[in-house]
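Trainee: I am attaching a structure below and will ask some questions about it afterwards.
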Amino acid sequence: MYSSIVTAHSYVRYALLVMFAISILNALYKDFSKKPFAKTDGTINRIALSLLHLQALIGLIIYVNFIKVAVQVEHFMKDAHLRYYAVEHITLMLAAVVIATIGIAKSKRKPEGKQHRTVWIFELIAVALITVSLLSMK
């Protein structure tokens, strides 16, 4: 059961990265070409955000199981590998989820012409946090 959850976490990330790339590129293109915000833009953003939330949910399930094991190791915070998963990875990933969610929510309230910019800026920050988290993996 646990290994299938980890496998799902691994596969969902690829769909998530593809959708975030599509969403960011779409928002960049439409922002710089001054195109209006369309229903398909909202759909693309919702799919990307839904995949991010799904990935976070799967990650939290893995995290709960990991923490049960990690806290049994004496001084686990001194172990760089355990600390990375127990603190650093989860913190940056949750920050990315919050920032992306705020960006999509804010874009809905922005006036026409500023919606795309809000989407790509917040999603790019979220992707940067995800990248930093993955690059700092021990």
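Identifiers in this document derive from the order of the structure tokens: chains are assigned A, B, ..., residues are numbered from 1 separately in each chain, and ligands are numbered from 1 in order of occurrence.
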Env of A:Ile99: 10 Å cut, atoms = only C-alpha atoms, seq-sep filter 2 positions within chain, self excluded. Answer as a list of chain:residue names.

Mentor: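 That gives A:Met93, A:Leu94, A:Ala95, A:Ala96, A:Val97, A:Thr101, A:Ile102, A:Gly103, A:Ile104, A:Ala105, A:Ile121, A:Phe122, A:Glu123, A:Leu124, A:Ile125, A:Ala126, A:Val127, A:Leu129.
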
Trainee: Dump N, CA and C atoms for the selected residues as a PDB file, in the first residue's frame?

Mentor:
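Result saved to part14.pdb:
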ATOM      1  N   MET A  93       7.420  22.788  -0.090  1.00  0.00           N
ATOM      2  CA  MET A  93       6.307  22.327  -0.921  1.00  0.00           C
ATOM      3  C   MET A  93       4.979  22.943  -0.477  1.00  0.00           C
ATOM      4  N   LEU A  94       4.756  23.001   0.828  1.00  0.00           N
ATOM      5  CA  LEU A  94       3.514  23.623   1.307  1.00  0.00           C
ATOM      6  C   LEU A  94       3.499  25.115   0.988  1.00  0.00           C
ATOM      7  N   ALA A  95       4.650  25.762   1.058  1.00  0.00           N
ATOM      8  CA  ALA A  95       4.729  27.176   0.678  1.00  0.00           C
ATOM      9  C   ALA A  95       4.379  27.340  -0.798  1.00  0.00           C
ATOM     10  N   ALA A  96       4.857  26.430  -1.645  1.00  0.00           N
ATOM     11  CA  ALA A  96       4.544  26.483  -3.073  1.00  0.00           C
ATOM     12  C   ALA A  96       3.037  26.313  -3.308  1.00  0.00           C
ATOM     13  N   VAL A  97       2.418  25.402  -2.582  1.00  0.00           N
ATOM     14  CA  VAL A  97       0.970  25.178  -2.722  1.00  0.00           C
ATOM     15  C   VAL A  97       0.207  26.435  -2.318  1.00  0.00           C
ATOM     16  N   THR A 101      -1.981  28.760  -4.893  1.00  0.00           N
ATOM     17  CA  THR A 101      -3.408  28.897  -4.589  1.00  0.00           C
ATOM     18  C   THR A 101      -3.797  30.363  -4.449  1.00  0.00           C
ATOM     19  N   ILE A 102      -2.966  31.125  -3.755  1.00  0.00           N
ATOM     20  CA  ILE A 102      -3.230  32.559  -3.602  1.00  0.00           C
ATOM     21  C   ILE A 102      -3.207  33.249  -4.966  1.00  0.00           C
ATOM     22  N   GLY A 103      -2.242  32.885  -5.798  1.00  0.00           N
ATOM     23  CA  GLY A 103      -2.135  33.499  -7.121  1.00  0.00           C
ATOM     24  C   GLY A 103      -3.357  33.268  -7.981  1.00  0.00           C
ATOM     25  N   ILE A 104      -3.856  32.030  -8.001  1.00  0.00           N
ATOM     26  CA  ILE A 104      -5.048  31.733  -8.804  1.00  0.00           C
ATOM     27  C   ILE A 104      -6.262  32.461  -8.232  1.00  0.00           C
ATOM     28  N   ALA A 105      -6.377  32.482  -6.906  1.00  0.00           N
ATOM     29  CA  ALA A 105      -7.513  33.180  -6.282  1.00  0.00           C
ATOM     30  C   ALA A 105      -7.452  34.681  -6.563  1.00  0.00           C
ATOM     31  N   ILE A 121       3.107  35.015 -12.555  1.00  0.00           N
ATOM     32  CA  ILE A 121       4.048  35.417 -11.503  1.00  0.00           C
ATOM     33  C   ILE A 121       3.944  34.465 -10.312  1.00  0.00           C
ATOM     34  N   PHE A 122       2.745  34.227  -9.826  1.00  0.00           N
ATOM     35  CA  PHE A 122       2.581  33.368  -8.653  1.00  0.00           C
ATOM     36  C   PHE A 122       2.954  31.916  -8.964  1.00  0.00           C
ATOM     37  N   GLU A 123       2.581  31.434 -10.143  1.00  0.00           N
ATOM     38  CA  GLU A 123       2.927  30.055 -10.492  1.00  0.00           C
ATOM     39  C   GLU A 123       4.432  29.892 -10.702  1.00  0.00           C
ATOM     40  N   LEU A 124       5.076  30.901 -11.229  1.00  0.00           N
ATOM     41  CA  LEU A 124       6.528  30.841 -11.404  1.00  0.00           C
ATOM     42  C   LEU A 124       7.236  30.822 -10.049  1.00  0.00           C
ATOM     43  N   ILE A 125       6.736  31.593  -9.096  1.00  0.00           N
ATOM     44  CA  ILE A 125       7.301  31.560  -7.745  1.00  0.00           C
ATOM     45  C   ILE A 125       7.107  30.178  -7.136  1.00  0.00           C
ATOM     46  N   ALA A 126       5.936  29.596  -7.321  1.00  0.00           N
ATOM     47  CA  ALA A 126       5.666  28.250  -6.790  1.00  0.00           C
ATOM     48  C   ALA A 126       6.603  27.221  -7.411  1.00  0.00           C
ATOM     49  N   VAL A 127       6.794  27.289  -8.723  1.00  0.00           N
ATOM     50  CA  VAL A 127       7.697  26.357  -9.405  1.00  0.00           C
ATOM     51  C   VAL A 127       9.134  26.571  -8.925  1.00  0.00           C
ATOM     52  N   LEU A 129      10.046  27.555  -5.930  1.00  0.00           N
ATOM     53  CA  LEU A 129      10.136  26.922  -4.601  1.00  0.00           C
ATOM     54  C   LEU A 129      10.235  25.408  -4.726  1.00  0.00           C
TER      55      LEU A 129
END

Trainee: Using DSSP secondary structure from the backbone, list all alpha helix (DSSP H) positions within stretch 2-124 of chain A, as a PyMOL selection string.

Mentor: chain A and resi 2-32+39-70+80-83+89-109+115-124

Trainee: Convert the current residue selection to file output with C-alpha atoms, as a compact mmCIF listing (two decimals), in the first residue's frame.

Mentor:
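New file out-v1.txt:
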# COMPACT_ATOMS: atom_id res chain seq x y z
CA TYR A 2 2.71 2.48 1.01
CA SER A 3 4.81 1.81 -2.08
CA SER A 4 1.82 2.47 -4.35
CA ILE A 5 1.31 5.85 -2.65
CA VAL A 6 4.97 6.72 -3.21
CA THR A 7 4.65 5.58 -6.84
CA ALA A 8 1.57 7.78 -7.29
CA HIS A 9 3.50 10.71 -5.79
CA SER A 10 6.24 10.10 -8.35
CA TYR A 11 3.91 9.90 -11.36
CA VAL A 12 1.62 12.80 -10.45
CA ARG A 13 4.63 15.13 -10.37
CA TYR A 14 5.16 14.69 -14.11
CA ALA A 15 1.56 15.56 -14.93
CA LEU A 16 1.84 18.48 -12.51
CA LEU A 17 5.01 19.82 -14.12
CA VAL A 18 3.50 19.55 -17.60
CA MET A 19 0.32 21.36 -16.52
CA PHE A 20 2.26 24.08 -14.72
CA ALA A 21 4.41 24.59 -17.81
CA ILE A 22 1.29 24.83 -19.97
CA SER A 23 -0.38 27.19 -17.50
CA ILE A 24 2.65 29.48 -17.14
CA LEU A 25 3.40 29.57 -20.87
CA ASN A 26 -0.27 30.21 -21.65
CA ALA A 27 -0.43 33.07 -19.13
CA LEU A 28 2.86 34.56 -20.37
CA TYR A 29 1.74 34.43 -24.00
CA LYS A 30 -1.66 35.94 -23.28
CA ASP A 31 -0.24 38.58 -20.94
CA PHE A 32 2.31 39.85 -23.45
CA LYS A 39 -12.84 30.26 -19.88
CA THR A 40 -10.13 27.88 -21.14
CA ASP A 41 -7.52 29.87 -19.21
CA GLY A 42 -9.44 29.29 -16.01
CA THR A 43 -9.76 25.60 -16.83
CA ILE A 44 -6.02 25.25 -17.43
CA ASN A 45 -5.29 27.03 -14.14
CA ARG A 46 -7.76 24.88 -12.21
CA ILE A 47 -6.31 21.65 -13.61
CA ALA A 48 -2.78 22.74 -12.70
CA LEU A 49 -3.87 23.79 -9.21
CA SER A 50 -5.89 20.59 -8.70
CA LEU A 51 -2.87 18.47 -9.61
CA LEU A 52 -0.76 20.51 -7.18
CA HIS A 53 -3.30 19.93 -4.42
CA LEU A 54 -3.47 16.22 -5.24
CA GLN A 55 0.32 16.01 -5.13
CA ALA A 56 0.32 17.83 -1.77
CA LEU A 57 -2.31 15.47 -0.36
CA ILE A 58 -0.36 12.40 -1.45
CA GLY A 59 2.80 13.98 -0.06
CA LEU A 60 1.12 14.63 3.29
CA ILE A 61 0.05 10.98 3.51
CA ILE A 62 3.65 9.94 2.86
CA TYR A 63 4.89 12.54 5.35
CA VAL A 64 2.69 11.25 8.17
CA ASN A 65 4.02 7.73 7.65
CA PHE A 66 7.61 9.01 7.35
CA ILE A 67 7.41 11.09 10.53
CA LYS A 68 6.20 8.08 12.53
CA VAL A 69 9.45 6.32 11.60
CA ALA A 70 11.78 9.33 11.67
CA ALA A 80 20.70 15.69 6.79
CA HIS A 81 18.64 13.15 4.83
CA LEU A 82 15.97 12.73 7.50
CA ARG A 83 15.88 16.47 8.24
CA HIS A 89 10.96 19.47 1.70
CA ILE A 90 7.55 19.66 3.33
CA THR A 91 7.97 23.34 4.25
CA LEU A 92 8.95 24.47 0.75
CA MET A 93 6.31 22.33 -0.92
CA LEU A 94 3.51 23.62 1.31
CA ALA A 95 4.73 27.18 0.68
CA ALA A 96 4.54 26.48 -3.07
CA VAL A 97 0.97 25.18 -2.72
CA VAL A 98 -0.09 28.23 -0.72
CA ILE A 99 1.53 30.68 -3.14
CA ALA A 100 0.03 29.02 -6.23
CA THR A 101 -3.41 28.90 -4.59
CA ILE A 102 -3.23 32.56 -3.60
CA GLY A 103 -2.14 33.50 -7.12
CA ILE A 104 -5.05 31.73 -8.80
CA ALA A 105 -7.51 33.18 -6.28
CA LYS A 106 -6.11 36.70 -6.73
CA SER A 107 -6.24 36.40 -10.52
CA LYS A 108 -10.00 35.89 -10.36
CA ARG A 109 -10.41 39.26 -8.64
CA GLN A 115 -5.23 38.30 -14.62
CA HIS A 116 -2.66 36.53 -16.76
CA ARG A 117 0.22 38.41 -15.15
CA THR A 118 -0.94 37.41 -11.67
CA VAL A 119 -1.16 33.76 -12.73
CA TRP A 120 2.28 33.48 -14.26
CA ILE A 121 4.05 35.42 -11.50
CA PHE A 122 2.58 33.37 -8.65
CA GLU A 123 2.93 30.05 -10.49
CA LEU A 124 6.53 30.84 -11.40

Trainee: Please report the interatomic distance between atom CA of A:Thr131 and atom CA of A:Lys78 in Å with one decimal.

Mentor: 23.6 Å

Trainee: Just to confirm, what's the straight-line distance from atom CA of A:Val73 to atom CA of A:Met137 in Å (one decimal)?

Mentor: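 Those two atoms sit 19.6 Å apart.
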
Trainee: For atom CA of A:Gln72 and atom CA of A:Tyr85, quote the distance in Å rounded to one decimal.

Mentor: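 For atom CA of A:Gln72 relative to atom CA of A:Tyr85, the distance reads 14.6 Å.
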
Trainee: Which one of A:Ala128, A:Ala38, A:Val71, A:Leu134 sits closest to A:Tyr84 if you count only C-alpha atoms?

Mentor: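 Looking only at the distances to A:Tyr84, the closest residue turns out to be A:Leu134.
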